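Have a look at input_20.csv; it's CSV, C-alpha atoms and all ligand atoms:
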```csv
chain,number,residue,atom,x,y,z
A,1,MET,CA,-18.0,10.4,10.8
A,2,ASN,CA,-17.2,9.3,7.3
A,3,CYS,CA,-13.6,8.9,6.1
A,4,GLU,CA,-13.6,12.1,4.0
A,5,GLN,CA,-14.6,14.2,7.0
A,6,TRP,CA,-12.0,12.4,9.0
A,7,LEU,CA,-9.2,13.4,6.6
A,8,GLY,CA,-10.6,16.9,6.3
A,9,GLU,CA,-10.8,17.5,10.0
A,10,THR,CA,-7.4,15.9,10.8
A,11,ALA,CA,-5.6,17.9,8.1
A,12,SER,CA,-7.6,21.1,8.4
A,13,GLY,CA,-7.3,21.7,4.6
A,14,ALA,CA,-3.7,20.6,4.2
A,15,VAL,CA,-4.4,17.3,2.5
A,16,ARG,CA,-3.7,16.1,-1.1
A,17,TYR,CA,-4.9,12.9,-2.6
A,18,PHE,CA,-3.0,10.5,-4.9
A,19,SER,CA,-3.3,7.0,-6.4
A,20,PHE,CA,-0.4,5.5,-4.4
A,21,GLY,CA,1.3,6.2,-1.1
A,22,ARG,CA,4.6,6.3,-3.1
A,23,HIS,CA,3.3,9.4,-4.9
A,24,ALA,CA,2.2,11.0,-1.7
A,25,LEU,CA,5.7,10.3,-0.3
A,26,THR,CA,7.3,11.8,-3.4
A,27,GLU,CA,5.3,15.0,-2.9
A,28,ALA,CA,6.2,14.9,0.8
A,29,LEU,CA,9.9,14.9,-0.1
A,30,ARG,CA,9.4,17.7,-2.7
A,31,VAL,CA,7.5,19.8,-0.1
A,32,ALA,CA,10.3,19.2,2.4
A,33,GLY,CA,12.7,20.7,-0.1
A,34,ILE,CA,14.7,17.6,-0.9
A,35,ALA,CA,17.1,18.1,-3.8
A,36,PRO,CA,19.1,15.5,-5.8
A,37,GLY,CA,21.8,14.0,-3.5
A,38,ASP,CA,20.1,14.8,-0.2
A,39,SER,CA,19.9,12.0,2.3
A,40,VAL,CA,16.7,10.5,3.6
A,41,LEU,CA,17.0,8.2,6.7
A,42,LEU,CA,14.8,5.1,6.4
A,43,PRO,CA,14.2,2.0,8.5
A,44,GLU,CA,16.0,-1.1,7.1
A,45,PHE,CA,12.8,-3.1,7.6
A,46,LEU,CA,10.8,-1.7,4.7
A,47,CYS,CA,9.1,-2.6,1.5
A,48,ARG,CA,11.5,-2.1,-1.4
A,49,ASP,CA,8.9,-0.3,-3.5
A,50,VAL,CA,9.2,2.8,-1.2
A,51,LEU,CA,12.6,3.6,-2.7
A,52,ALA,CA,11.0,4.6,-5.9
A,53,SER,CA,9.8,7.8,-4.2
A,54,LEU,CA,13.4,8.7,-3.4
A,55,VAL,CA,14.4,7.9,-6.9
A,56,ALA,CA,11.7,10.3,-8.2
A,57,VAL,CA,13.4,13.3,-6.4
A,58,GLY,CA,17.0,12.1,-6.7
A,59,ALA,CA,17.4,11.5,-2.9
A,60,THR,CA,19.9,9.1,-1.4
A,61,PRO,CA,18.7,6.5,1.2
A,62,CYS,CA,20.6,5.9,4.4
A,63,TRP,CA,19.4,3.5,7.0
A,64,TYR,CA,18.7,2.8,10.7
A,65,PRO,CA,18.2,-0.7,12.1
A,66,VAL,CA,14.9,-2.0,13.4
A,67,GLY,CA,14.6,-4.3,16.4
A,68,GLU,CA,12.4,-7.4,16.8
A,69,ASP,CA,9.8,-5.2,18.5
A,70,LEU,CA,9.7,-3.1,15.3
A,71,GLN,CA,11.1,-0.1,17.1
A,72,PRO,CA,14.4,1.5,16.1
A,73,GLY,CA,17.2,-1.0,16.9
A,74,SER,CA,19.8,1.7,17.9
A,75,ALA,CA,19.7,5.1,19.6
A,76,PRO,CA,19.1,8.1,17.4
A,77,ASP,CA,22.3,9.8,18.4
A,78,GLY,CA,24.2,7.2,16.3
A,79,TRP,CA,22.1,7.6,13.1
A,80,ARG,CA,23.5,9.1,10.0
A,81,LEU,CA,22.9,12.8,9.2
A,82,ALA,CA,19.9,13.3,6.8
A,83,ARG,CA,17.5,16.0,5.9
A,84,ILE,CA,14.5,13.7,6.5
A,85,VAL,CA,13.9,10.9,8.9
A,86,MET,CA,11.0,8.5,8.3
A,87,ALA,CA,9.1,6.8,11.1
A,88,VAL,CA,6.9,3.8,10.1
A,89,ASN,CA,3.7,2.7,11.9
A,90,TYR,CA,4.1,-0.9,10.9
A,91,PHE,CA,0.7,-2.6,10.3
A,92,GLY,CA,-1.2,0.3,11.8
A,93,PHE,CA,0.4,-0.1,15.3
A,94,PRO,CA,1.8,3.2,16.7
A,95,GLN,CA,5.5,3.8,16.5
A,96,SER,CA,6.9,5.8,19.4
A,97,MET,CA,7.8,9.2,18.0
A,98,THR,CA,10.3,10.0,20.8
A,99,PRO,CA,13.5,8.8,19.0
A,100,PHE,CA,12.5,10.6,15.8
A,101,ARG,CA,11.8,13.8,17.7
A,102,GLU,CA,15.2,13.5,19.5
A,103,TYR,CA,16.9,13.1,16.1
A,104,ALA,CA,15.0,16.0,14.5
A,105,ALA,CA,15.8,18.2,17.5
A,106,ARG,CA,19.5,17.4,17.2
A,107,THR,CA,19.9,17.6,13.4
A,108,GLY,CA,17.0,19.8,12.2
A,109,ALA,CA,15.7,17.0,10.0
A,110,LEU,CA,12.0,16.9,9.2
A,111,ILE,CA,10.0,13.9,10.2
A,112,ILE,CA,7.8,12.0,7.7
A,113,GLU,CA,5.4,9.7,9.4
A,114,ASP,CA,4.8,6.8,7.0
A,115,ASN,CA,1.3,5.8,7.9
A,116,ALA,CA,0.7,3.8,4.8
A,117,HIS,CA,-0.6,0.9,7.0
A,118,GLY,CA,-2.4,2.9,9.6
A,119,PHE,CA,-5.3,5.1,8.3
A,120,LEU,CA,-7.9,5.6,11.2
A,121,SER,CA,-5.5,4.3,13.8
A,122,SER,CA,-4.4,6.4,16.9
A,123,ASP,CA,-1.7,6.1,19.5
A,124,TRP,CA,-1.9,5.6,23.2
A,125,ASN,CA,-2.7,9.3,23.8
A,126,GLY,CA,-5.4,9.4,21.2
A,127,GLU,CA,-3.3,11.2,18.6
A,128,TRP,CA,-4.1,10.1,15.0
A,129,LEU,CA,-1.3,8.2,13.3
A,130,GLY,CA,-0.1,10.1,10.3
A,131,ALA,CA,-0.6,13.5,12.1
A,132,ARG,CA,2.3,13.3,14.5
A,133,GLY,CA,5.3,14.2,12.3
A,134,ASP,CA,5.9,17.1,10.0
A,135,LEU,CA,4.3,15.3,7.0
A,136,GLY,CA,2.1,12.2,7.1
A,137,VAL,CA,1.7,9.6,4.3
A,138,PHE,CA,-1.4,7.3,4.0
A,139,SER,CA,-2.0,4.5,1.6
A,140,LEU,CA,-5.8,4.5,1.8
A,141,ARG,CA,-6.0,1.7,-0.7
A,142,LYS,CA,-4.5,-0.6,1.9
A,143,THR,CA,-7.3,0.0,4.4
A,144,LEU,CA,-10.3,0.5,2.2
A,145,PRO,CA,-11.1,-1.6,-1.0
A,146,LEU,CA,-10.4,1.2,-3.5
A,147,ALA,CA,-9.3,1.1,-7.1
A,148,ASP,CA,-6.4,3.3,-5.7
A,149,GLY,CA,-6.1,6.0,-3.1
A,150,ALA,CA,-3.5,7.7,-0.9
A,151,ALA,CA,-3.1,10.9,0.9
A,152,LEU,CA,-0.5,13.4,2.1
A,153,LEU,CA,-1.0,15.5,5.2
A,154,ALA,CA,1.1,18.6,5.7
A,155,VAL,CA,1.1,18.8,9.5
A,156,ARG,CA,3.8,21.3,10.3
A,157,PRO,CA,2.5,24.9,10.0
A,158,GLY,CA,4.1,26.5,6.9
A,159,LEU,CA,4.3,23.3,4.9
A,160,ALA,CA,0.7,23.3,3.6
A,161,GLY,CA,1.5,26.4,1.5
A,162,ARG,CA,4.1,24.4,-0.4
A,163,LEU,CA,1.7,21.7,-1.5
A,164,ALA,CA,1.1,21.5,-5.2
A,165,PRO,CA,-2.6,21.9,-6.2
A,166,GLN,CA,-4.8,18.8,-6.0
A,167,LEU,CA,-4.4,16.7,-9.1
A,168,ALA,CA,-7.7,16.2,-11.0
A,169,ALA,CA,-9.1,12.7,-10.5
A,170,ALA,CA,-8.4,10.4,-13.4
A,171,ALA,CA,-10.6,7.6,-14.7
A,172,VAL,CA,-11.1,4.2,-13.2
A,173,GLY,CA,-7.7,3.8,-11.3
A,174,TYR,CA,-5.1,1.1,-10.8
A,175,ALA,CA,-7.3,-1.8,-9.6
A,176,PRO,CA,-10.9,-1.2,-10.6
A,177,SER,CA,-12.0,-4.7,-9.5
A,178,ALA,CA,-11.0,-4.0,-5.8
A,179,ALA,CA,-14.4,-2.6,-4.8
A,180,ARG,CA,-16.3,-5.4,-6.6
A,181,LYS,CA,-14.2,-8.1,-4.9
A,182,ALA,CA,-14.9,-6.5,-1.5
A,183,SER,CA,-18.7,-6.4,-2.0
A,184,LEU,CA,-18.6,-10.0,-3.1
A,185,ARG,CA,-16.6,-10.8,0.2
A,186,ARG,CA,-19.3,-9.0,2.2
A,187,THR,CA,-22.2,-11.0,0.7
A,188,PRO,CA,-23.7,-12.9,3.7
A,189,VAL,CA,-22.9,-16.6,4.1
A,190,PHE,CA,-21.4,-17.3,0.7
A,191,GLY,CA,-19.2,-14.2,0.3
A,192,PRO,CA,-15.9,-15.5,1.8
A,193,ALA,CA,-16.2,-18.9,0.0
A,194,ALA,CA,-17.0,-17.1,-3.3
A,195,VAL,CA,-13.9,-14.9,-2.9
A,196,ALA,CA,-11.8,-17.9,-2.0
A,197,ALA,CA,-13.0,-19.8,-5.1
A,198,THR,CA,-12.5,-16.7,-7.4
A,199,THR,CA,-9.0,-16.0,-6.0
A,200,GLY,CA,-8.1,-19.7,-6.4
A,201,LEU,CA,-9.3,-19.7,-10.0
A,202,VAL,CA,-7.5,-16.5,-10.9
A,203,ARG,CA,-4.2,-17.9,-9.4
A,204,THR,CA,-4.5,-21.2,-11.1
A,205,LEU,CA,-5.1,-19.5,-14.5
A,206,ARG,CA,-2.1,-17.2,-13.8
A,207,LEU,CA,0.1,-20.2,-12.8
A,208,LEU,CA,-0.8,-21.9,-16.1
A,209,ARG,CA,-0.2,-18.8,-18.1
A,210,THR,CA,2.9,-17.4,-16.5
A,211,GLY,CA,4.3,-20.1,-14.2
A,212,HIS,CA,3.5,-17.9,-11.1
A,213,ALA,CA,0.4,-18.2,-9.0
A,214,ILE,CA,1.1,-14.8,-7.5
A,215,PRO,CA,3.0,-12.2,-9.6
A,216,PRO,CA,6.7,-12.3,-8.8
A,217,PRO,CA,8.3,-9.2,-7.3
A,218,ASP,CA,8.8,-6.5,-10.0
A,219,ALA,CA,12.5,-6.0,-10.8
A,220,ALA,CA,11.8,-2.2,-11.4
A,221,ALA,CA,9.9,-1.7,-8.1
A,222,GLU,CA,12.8,0.2,-6.5
A,223,THR,CA,12.9,2.7,-9.3
A,224,VAL,CA,9.5,3.0,-10.9
A,225,ILE,CA,6.0,3.8,-9.4
A,226,PRO,CA,3.7,1.7,-11.6
A,227,HIS,CA,0.8,4.1,-12.0
A,228,PRO,CA,0.3,7.8,-12.6
A,229,PRO,CA,-0.1,10.0,-9.4
A,230,ALA,CA,-3.7,11.2,-9.8
A,231,PRO,CA,-6.3,9.4,-7.7
A,232,HIS,CA,-9.2,7.6,-9.4
A,233,ASP,CA,-12.5,9.4,-10.0
A,234,GLY,CA,-14.4,7.4,-7.4
A,235,LEU,CA,-12.1,8.1,-4.4
A,236,ALA,CA,-14.0,11.1,-2.9
A,237,ALA,CA,-17.3,9.2,-3.1
A,238,ALA,CA,-15.8,6.0,-1.6
A,239,LEU,CA,-14.3,8.0,1.3
A,240,ALA,CA,-17.6,9.7,1.9
A,241,ALA,CA,-19.4,6.4,2.0
A,242,ALA,CA,-17.0,4.7,4.4
A,243,ASP,CA,-17.8,5.0,8.1
A,244,ALA,CA,-14.6,5.6,10.0
A,245,GLN,CA,-15.7,4.1,13.4
A,246,ARG,CA,-17.3,1.1,11.7
A,247,GLU,CA,-14.1,0.4,9.9
A,248,ILE,CA,-12.0,0.7,13.1
A,249,ASP,CA,-14.4,-1.7,14.9
A,250,ARG,CA,-14.4,-4.2,12.0
A,251,ARG,CA,-10.6,-4.3,12.0
A,252,ARG,CA,-10.3,-4.8,15.8
A,253,GLU,CA,-12.9,-7.5,15.8
A,254,LEU,CA,-11.2,-9.3,12.9
A,255,TYR,CA,-7.9,-9.0,14.6
A,256,ARG,CA,-9.2,-10.8,17.7
A,257,THR,CA,-10.8,-13.6,15.5
A,258,VAL,CA,-7.6,-14.2,13.7
A,259,GLU,CA,-5.6,-14.0,16.9
A,260,ARG,CA,-7.7,-16.8,18.4
A,261,ALA,CA,-7.2,-19.0,15.3
A,262,ALA,CA,-3.4,-18.3,15.3
A,263,ARG,CA,-2.9,-19.0,19.0
A,264,ALA,CA,-4.8,-22.3,18.6
A,265,LEU,CA,-2.1,-23.2,16.1
A,266,GLY,CA,0.8,-22.1,18.4
A,267,ILE,CA,1.3,-18.8,16.5
A,268,THR,CA,1.7,-15.7,18.6
A,269,PRO,CA,1.0,-12.1,17.5
A,270,LEU,CA,4.0,-10.0,16.6
A,271,PHE,CA,2.8,-7.2,19.0
A,272,PRO,CA,2.2,-8.4,22.6
A,273,GLU,CA,-1.2,-6.6,22.7
A,274,LEU,CA,-3.6,-4.6,20.5
A,275,PRO,CA,-3.6,-1.1,22.0
A,276,PRO,CA,-7.1,0.3,22.7
A,277,LEU,CA,-7.1,2.9,19.8
A,278,THR,CA,-5.2,0.8,17.2
A,279,ALA,CA,-6.9,0.1,13.9
A,280,PRO,CA,-4.7,-2.8,12.6
A,281,TYR,CA,-3.9,-3.2,9.0
A,282,GLY,CA,-4.0,-6.9,9.5
A,283,PHE,CA,-2.8,-9.6,11.9
A,284,PRO,CA,1.0,-9.6,11.9
A,285,PHE,CA,3.1,-12.5,13.2
A,286,ARG,CA,6.4,-14.3,12.9
A,287,ALA,CA,6.5,-17.8,11.6
A,288,ASP,CA,8.9,-20.1,9.8
A,289,PRO,CA,7.7,-22.2,6.9
A,290,GLY,CA,5.9,-25.3,8.3
A,291,PRO,CA,2.5,-26.9,9.1
A,292,ALA,CA,1.3,-24.1,11.5
A,293,LEU,CA,1.8,-21.4,8.8
A,294,GLN,CA,0.1,-23.6,6.2
A,295,SER,CA,-2.8,-24.3,8.5
A,296,LEU,CA,-3.3,-20.6,9.2
A,297,LYS,CA,-3.0,-19.9,5.5
A,298,ARG,CA,-5.8,-22.4,4.8
A,299,TRP,CA,-7.9,-21.0,7.7
A,300,ALA,CA,-7.6,-17.4,6.2
A,301,SER,CA,-8.2,-18.5,2.7
A,302,LEU,CA,-11.5,-20.2,3.6
A,303,ARG,CA,-12.6,-16.9,5.1
A,304,GLY,CA,-11.6,-14.9,2.0
A,305,LEU,CA,-8.6,-13.4,3.7
A,306,ASP,CA,-5.1,-13.3,2.2
A,307,LEU,CA,-2.0,-14.3,4.2
A,308,ILE,CA,1.2,-12.7,2.9
A,309,HIS,CA,4.9,-12.5,3.7
A,310,TRP,CA,6.0,-8.9,4.3
A,311,PRO,CA,8.1,-7.1,3.2
A,312,ASP,CA,10.1,-7.5,-0.1
A,313,LEU,CA,13.2,-6.0,1.4
A,314,PRO,CA,15.3,-3.5,-0.5
A,315,ASP,CA,18.1,-5.1,-2.5
A,316,VAL,CA,20.8,-3.4,-0.4
A,317,ILE,CA,19.3,-4.8,2.8
A,318,VAL,CA,18.6,-8.3,1.8
A,319,ALA,CA,22.1,-9.7,1.9
A,320,SER,CA,22.8,-8.6,5.5
A,321,ALA,CA,19.2,-8.8,6.9
A,322,PRO,CA,18.9,-10.4,10.3
A,323,THR,CA,16.4,-13.3,10.5
A,324,HIS,CA,13.8,-11.1,12.3
A,325,TYR,CA,13.4,-9.0,9.1
A,326,ARG,CA,12.6,-12.2,7.1
A,327,SER,CA,10.0,-14.0,9.2
A,328,VAL,CA,7.1,-11.6,9.3
A,329,HIS,CA,3.7,-12.5,7.8
A,330,LEU,CA,0.4,-10.8,7.8
A,331,VAL,CA,-3.3,-11.8,7.5
A,332,ASN,CA,-4.6,-8.9,5.5
A,333,PHE,CA,-8.0,-7.4,6.4
A,334,LEU,CA,-8.7,-5.7,3.1
A,335,TRP,CA,-12.2,-6.3,2.0
A,401,LIG,C1,5.4,1.1,4.9
A,401,LIG,C2,5.0,1.4,3.5
A,401,LIG,N1,5.0,2.7,3.1
A,401,LIG,C3,4.6,3.1,1.9
A,401,LIG,C4,4.1,2.2,1.0
A,401,LIG,C5,3.6,2.6,-0.4
A,401,LIG,O1,2.2,2.6,-0.5
A,401,LIG,P1,1.6,2.4,-2.0
A,401,LIG,O2,1.7,0.9,-2.3
A,401,LIG,O3,0.2,2.8,-1.9
A,401,LIG,O4,2.4,3.2,-2.9
A,401,LIG,C6,4.1,0.8,1.3
A,401,LIG,C7,3.7,-0.2,0.4
A,401,LIG,O5,4.2,-0.4,-0.7
A,401,LIG,C8,4.5,0.4,2.6
A,401,LIG,O6,4.4,-0.8,3.0
```
This structure in structure tokens:
Amino acid sequence: MNCEQWLGETASGAVRYFSFGRHALTEALRVAGIAPGDSVLLPEFLCRDVLASLVAVGATPCWYPVGEDLQPGSAPDGWRLARIVMAVNYFGFPQSMTPFREYAARTGALIIEDNAHGFLSSDWNGEWLGARGDLGVFSLRKTLPLADGAALLAVRPGLAGRLAPQLAAAAVGYAPSAARKASLRRTPVFGPAAVAATTGLVRTLRLLRTGHAIPPPDAAAETVIPHPPAPHDGLAAALAAADAQREIDRRRELYRTVERAARALGITPLFPELPPLTAPYGFPFRADPGPALQSLKRWASLRGLDLIHWPDLPDVIVASAPTHYRSVHLVNFLW
């Protein structure tokens, strides 16, 4: 099955495509009837960029804590009242929906399943991630090497009719070089080294030009989505060309390869196991700065893989964030 068929079948027609997950989330909030001043309940362990979707509809964030196992860190009967609650499948690993369903049953809130990281991943029962709440958000560009791409699924019957018409595809997209970089990475034998060399060169030039090898966090990230909402004009063809099962298998195989390298350095995976139907976004782990982290970074870089720290926490969370919000890293599988 190709990825376009996958989305079509899972959504049975209730899917809309965007450039970024943040635009899909904005549309999800609009479809859910969020008005200025309404509260949206978010996990504290979250990338600050996501707040820009709430700003777009005038919603106010409130927060629930997240434990070291990346499940909610408190019982849902103590969570603040909100019209929406968001469940996040961190790194493509399934989040249990039970606390969110309990909260929704008690308060009448709708559940948005933020599956930005988990396209093509399923839970323990074989249910596709992103199709287990009332609305599901996908950042396809994080799974497949696309110039941009995201999707919104209206899962709850009745919500599909509220979706705005599909936006017409627009030009070359946010990162037109993404597909070229991925095909270079896939070149047999020399691909990973060529990507490592190119990335090194780009970062050195950027360091000389701007003083930063990697662009620093954008100060406006919490308020502005940095690209218009329409998906690029190659998205449909790219999804039709991508084989869903092959991508799932590739990710699982890569996870095991990185896990072996990490364990040899004394680094353990964040999740105790890779569940059978999980298509991981990358290899997440906790580590403090030090030689083991540097060694894994070098190992990843030699293979054309990026090792990143995640997330850039929201400003209101940073000051009081427990250490387990700050120590998560990821070897990214995007190529
Ligand atoms: C959990 C989560 N949800 C949503 C998003 C938004 O996705 P996008 O970067 O495609 O807007 C991100 C990334 O920023 C994310 O990490």
Using all atoms listed in the file, which protein or nucleic acid residues are at most 9 Å from ligand LIG 401 (chain A), as a PDB file with C-alpha atoms, keeping the file's coordinate frame?
```pdb
ATOM      1  CA  PHE A  18      -3.000  10.500  -4.900  1.00  0.00           C
ATOM      2  CA  SER A  19      -3.300   7.000  -6.400  1.00  0.00           C
ATOM      3  CA  PHE A  20      -0.400   5.500  -4.400  1.00  0.00           C
ATOM      4  CA  GLY A  21       1.300   6.200  -1.100  1.00  0.00           C
ATOM      5  CA  ARG A  22       4.600   6.300  -3.100  1.00  0.00           C
ATOM      6  CA  HIS A  23       3.300   9.400  -4.900  1.00  0.00           C
ATOM      7  CA  ALA A  24       2.200  11.000  -1.700  1.00  0.00           C
ATOM      8  CA  LEU A  25       5.700  10.300  -0.300  1.00  0.00           C
ATOM      9  CA  PHE A  45      12.800  -3.100   7.600  1.00  0.00           C
ATOM     10  CA  LEU A  46      10.800  -1.700   4.700  1.00  0.00           C
ATOM     11  CA  CYS A  47       9.100  -2.600   1.500  1.00  0.00           C
ATOM     12  CA  ARG A  48      11.500  -2.100  -1.400  1.00  0.00           C
ATOM     13  CA  ASP A  49       8.900  -0.300  -3.500  1.00  0.00           C
ATOM     14  CA  VAL A  50       9.200   2.800  -1.200  1.00  0.00           C
ATOM     15  CA  SER A  53       9.800   7.800  -4.200  1.00  0.00           C
ATOM     16  CA  VAL A  88       6.900   3.800  10.100  1.00  0.00           C
ATOM     17  CA  ASN A  89       3.700   2.700  11.900  1.00  0.00           C
ATOM     18  CA  TYR A  90       4.100  -0.900  10.900  1.00  0.00           C
ATOM     19  CA  PHE A  91       0.700  -2.600  10.300  1.00  0.00           C
ATOM     20  CA  ASP A 114       4.800   6.800   7.000  1.00  0.00           C
ATOM     21  CA  ASN A 115       1.300   5.800   7.900  1.00  0.00           C
ATOM     22  CA  ALA A 116       0.700   3.800   4.800  1.00  0.00           C
ATOM     23  CA  HIS A 117      -0.600   0.900   7.000  1.00  0.00           C
ATOM     24  CA  VAL A 137       1.700   9.600   4.300  1.00  0.00           C
ATOM     25  CA  PHE A 138      -1.400   7.300   4.000  1.00  0.00           C
ATOM     26  CA  SER A 139      -2.000   4.500   1.600  1.00  0.00           C
ATOM     27  CA  LEU A 140      -5.800   4.500   1.800  1.00  0.00           C
ATOM     28  CA  ARG A 141      -6.000   1.700  -0.700  1.00  0.00           C
ATOM     29  CA  LYS A 142      -4.500  -0.600   1.900  1.00  0.00           C
ATOM     30  CA  ASP A 148      -6.400   3.300  -5.700  1.00  0.00           C
ATOM     31  CA  GLY A 149      -6.100   6.000  -3.100  1.00  0.00           C
ATOM     32  CA  ALA A 150      -3.500   7.700  -0.900  1.00  0.00           C
ATOM     33  CA  ILE A 225       6.000   3.800  -9.400  1.00  0.00           C
ATOM     34  CA  PRO A 226       3.700   1.700 -11.600  1.00  0.00           C
ATOM     35  CA  TRP A 310       6.000  -8.900   4.300  1.00  0.00           C
ATOM     36  CA  PRO A 311       8.100  -7.100   3.200  1.00  0.00           C
TER      37      PRO A 311
END
```
Can you pull out the residues contacting A:Val258? Cut-off 9 Å, using all atoms listed in the file, and skip same-chain residues under 2 positions away; I want them as a VMD selection string. chain A and resid 253 to 256 260 to 263 283 296 300 331
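Straight-line separation from atom CA of A:Thr98 to atom CA of A:Arg30: 24.7 Å.
If you look at atom CA of A:Val202 and atom CA of A:Ala179, they are 16.7 Å away from each other.
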Just the residues within 9 Å of A:Glu44, please, counting all atoms listed in the file, with nothing from its chain fewer than 5 positions along; format it as a ChimeraX atom specification. /A:62-66,313-314,317,321,325
I'd like the contact shell of A:Ser121 - 8 Å cut-off, all atoms listed in the file, skipping same-chain residues fewer than 3 positions apart - returned as number ranges by chain. A: 92-94, 118, 128-129, 248, 277-280
At what distance in Å, to one decimal, does atom CA of A:Gln71 lie from atom CA of A:Leu334? 24.9 Å
Given all atoms listed in the file as the counted atoms, nearest of A:Ala196, A:Leu110, A:Ala287, A:Ala28 to A:His329: A:Ala287
I want to know what sits within 12 Å of A:Arg246, based on all atoms listed in the file, with residues of the same chain fewer than 6 positions away left out; could you give that as a ChimeraX atom specification? /A:1-3,120,144,252-253,279
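When all atoms listed in the file are used to compute distances to A:Thr199, the closest of the residues A:Arg251, A:Met97, A:Arg303, A:Ala221 turns out to be A:Arg303.
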Contacts of A:Asp77 within 10 Å, only C-alpha atoms, excl. fewer than 4 positions in-chain, as a PDB file with C-alpha atoms, in the frame of the given file:
```pdb
ATOM      1  CA  LEU A  81      22.900  12.800   9.200  1.00  0.00           C
ATOM      2  CA  PRO A  99      13.500   8.800  19.000  1.00  0.00           C
ATOM      3  CA  GLU A 102      15.200  13.500  19.500  1.00  0.00           C
ATOM      4  CA  TYR A 103      16.900  13.100  16.100  1.00  0.00           C
ATOM      5  CA  ARG A 106      19.500  17.400  17.200  1.00  0.00           C
ATOM      6  CA  THR A 107      19.900  17.600  13.400  1.00  0.00           C
TER       7      THR A 107
END
```
Selected residue, from A:Ala182, A:Ala56, A:Ala169, A:Ala160, that lies nearest to A:Val31 when counting all atoms listed in the file: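 Looking at the shortest contact to A:Val31, the residue is A:Ala160.
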